[in-house]
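**Q** So that we are looking at the same thing, I have put the structure below in structure tokens.
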Amino acid sequence: MHDLYWLLSSSEPWTRYRTRIDLLEQPETDPQVNPARQEMLAHPGVQGLMSTAANFTRQPIQRHNDASHPIHSLSVLADFGVRGDDLGMTALVEMILSHRASQGAFQSLVNISTNFGGSGTDQWAWMLCDTPVLLYCLLSFGLGKKRLVQQAVEHLVSLAGENGWGCRVAAELGRFRGPGRKADPCPIANVIALKALALVPELLDSPVVRHGTEMLLDHWENRGASKMYLFGIGTDFRKLKYPFIWYDILHVAEVLSRFPYVHDDPRFQEIVSAITAQADEEDRYTAASMYQTWKGWSFADKKAPSPWLTFLVRRLLKRIAVERTSLQS
């Protein structure tokens with residue numbers, strides 16, 4: 001309970017709000033929950049994220065681990081628990097919904113260099129390293145019943161193979177494709193695809209999801225082999241880092257923890273152990289790596305424990321504990 005008191009007394013309203021919702025399991029109607037939520041929505045940091053996210057239609061993606069891109073501000077808003085009907089969010093939601101491919105995927109403004117087979121110009125298209133992020137945001141924002149969102153889910157499912165998701169992009173992007181063999185799965189595409197589909201209850205134990213989680217667990221198990229799509233599992237991978245932008249241990253563990261059937265897998269337990277080994281003597285967690293763009297947030301401070309990072313680890317540990325308790329009862 002000591003660590004919960006630390007989280008509940010944090011200056012970060014998003015941490016207090018999610019702690020009450022996810023760790024204490026208090027309902028949204030609880031008189032202690034709503035004040036934290038309202039404070040979160042009014043916080044200058046959250047308002048700043050909304051302002052940055054509004055640039056989504058104007059700033060093309062040129063590399064997918066660009067931490068300054070507005071798509072990641074949208075994703076953090078989703079992580080915090082902001083909803084699509086919150087003040088300031090309606091225009092952002094409509095902005096995402098308005099850019100959609102005929103197949104169902106939501107699009108981003110991208111600019112692929114001619115050196116990599118692209119046109120070198122800004123164009124609206126989808127790639128499997130960004131469209132699942134947009135789908136995750138829309139589902140988190142509470143738009144899962146919209147037909148457009150359901151069609152995007154169906155499209156994402158249709159792109160999976162027996163080894164998960166590979167590097168797939170819209171036809172209009174021409175010859176562009178990521179590194180590696182065409183039949184290989186792409187680790188980051190699997191992470192963000194699974195993160196979105198984890199919010200679709202009927203898919204939680206589906207074959208397509210199981211193929212994706214097995215891809216990630218197998219990559220961990222065979223981490224001494226050559227890099228897959230340039231994604232290695234070494235020292236940098238093991239560093240605690242947020243926002244969830246790229247392929248690193250906390251991002252992978254957060255996503256895998258959403259699937260109860262994974263919890264007892266020894267490979268997943270090894271991943272979790274590699275995270276909990278980084279706790280300090282008070283069972284708190286400090287960022288071991290950071291994105292300079294996010295400097296000023298506690299999760300981008302390598303010198304002091306972060307309430308938000310600590311909450312994220314406590315939540316995934318709670319998911320595992322709850323599942324094991326239910327299996328034993």
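Chain labels follow the order of the structure tokens: the first chain is A, the next B, and so on; residue numbering restarts at 1 in every chain, and ligands are counted from 1 in their shown order.
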Quick one: residues within 8 Å of region 274-277 of chain A, only C-alpha atoms counted, chain neighbours fewer than 5 positions away excluded, as a PyMOL selection string?
**A** chain A and resi 238+240+249-250+313
**Q** Please save C-alpha atoms of the selected residues as a short mmCIF file (atom, residue, chain, number, x, y, z; two decimals), in the first residue's frame.
**A**
```cif
data_model
loop_
_atom_site.label_atom_id
_atom_site.label_comp_id
_atom_site.auth_asym_id
_atom_site.auth_seq_id
_atom_site.Cartn_x
_atom_site.Cartn_y
_atom_site.Cartn_z
CA ARG A 238 16.08 -3.56 -21.70
CA LEU A 240 12.85 1.44 -19.22
CA ILE A 249 11.07 -3.99 -23.01
CA LEU A 250 8.37 -2.03 -21.19
CA VAL A 313 4.96 -1.55 -13.96
#
```
**Q** What lies within 9 Å of Gly224 (chain A) using only C-alpha atoms, ignoring chain neighbours under 3 positions off, as a list in words?
**A**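 Final neighbour list, sorted by chain and number: Trp220, Glu221, Lys227, Gly232, Ile233 and Gly234 of chain A.
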**Q** List every residue of region 149-266 of chain A that has an atom at most 12 Å from any atom of region 82-103 of chain A, giving for each one its closest atom pair and the distance in Å to one decimal, counting only C-alpha atoms, sorted by chain and then by ascending residue number, as CSV.
**A**
```
residue,atom,partner,partner_atom,distance
A:Val149,CA,A:Leu97,CA,8.4
A:Gln150,CA,A:Gln103,CA,11.7
A:Gln151,CA,A:Gln103,CA,8.1
A:Ala152,CA,A:Gln103,CA,7.9
A:Val153,CA,A:Gln103,CA,10.7
A:Glu154,CA,A:Gln103,CA,9.4
A:His155,CA,A:Gln103,CA,6.6
A:Leu156,CA,A:Gln103,CA,9.7
A:Val157,CA,A:Gln103,CA,11.9
A:Ser158,CA,A:Gln103,CA,10.3
A:Leu159,CA,A:Gln103,CA,11.0
A:Val169,CA,A:Ala101,CA,11.3
A:Ala170,CA,A:Ala101,CA,8.4
A:Ala171,CA,A:Ala101,CA,10.4
A:Glu172,CA,A:Ala101,CA,10.4
```
**Q** Which residues of region 228-272 of chain A have any atom within 12 Å of an atom in region 124-138 of chain A when counting only C-alpha atoms, and what is the closest pair of atoms for each, with the distance in Å to one decimal? Order the rows by chain and rising number and write it as a Markdown table.
**A**
```
| residue | atom | partner | partner_atom | distance |
| --- | --- | --- | --- | --- |
| A:Phe244 | CA | A:Val133 | CA | 10.2 |
| A:Ile245 | CA | A:Val133 | CA | 9.4 |
| A:Trp246 | CA | A:Cys129 | CA | 9.5 |
| A:Tyr247 | CA | A:Cys129 | CA | 11.0 |
| A:Val255 | CA | A:Tyr136 | CA | 11.5 |
```
**Q** Could the residues in this selection be written to a file with C-alpha atoms, as a PDB file, in the first residue's frame?
**A**
```pdb
ATOM      1  CA  PHE A 244       5.577   3.742 -25.944  1.00  0.00           C
ATOM      2  CA  ILE A 245       7.004   4.671 -29.310  1.00  0.00           C
ATOM      3  CA  TRP A 246       9.389   1.962 -30.346  1.00  0.00           C
ATOM      4  CA  TYR A 247      10.502  -1.601 -29.618  1.00  0.00           C
ATOM      5  CA  VAL A 255       1.241  -5.195 -24.601  1.00  0.00           C
TER       6      VAL A 255
END
```
**Q** For the structure I just gave you, how does DSSP split region 87-281 of chain A - specifically, which residues are strand (DSSP E or B)? Reply as a PyMOL selection string.
**A** chain A and resi 100+106+108-110+123-125+127+161+164+166+169+185+228+231
**Q** Can you tell me which residues surround Ala253 (chain A) at a distance of at most 12 Å, considering only C-alpha atoms, apart from same-chain residues fewer than 2 positions away, and format the answer as a VMD selection string?
**A** chain A and resid 191 to 192 194 to 195 213 216 to 217 220 237 to 238 240 to 241 244 247 to 251 255 to 259 262 to 263 267 to 276 312 to 317 319 to 320
**Q** Just list as a PyMOL selection string whatever in region 71-246 of chain A DSSP marks as alpha helix (DSSP H).
**A** chain A and resi 71-80+90-97+131-140+147-158+187-197+207-221
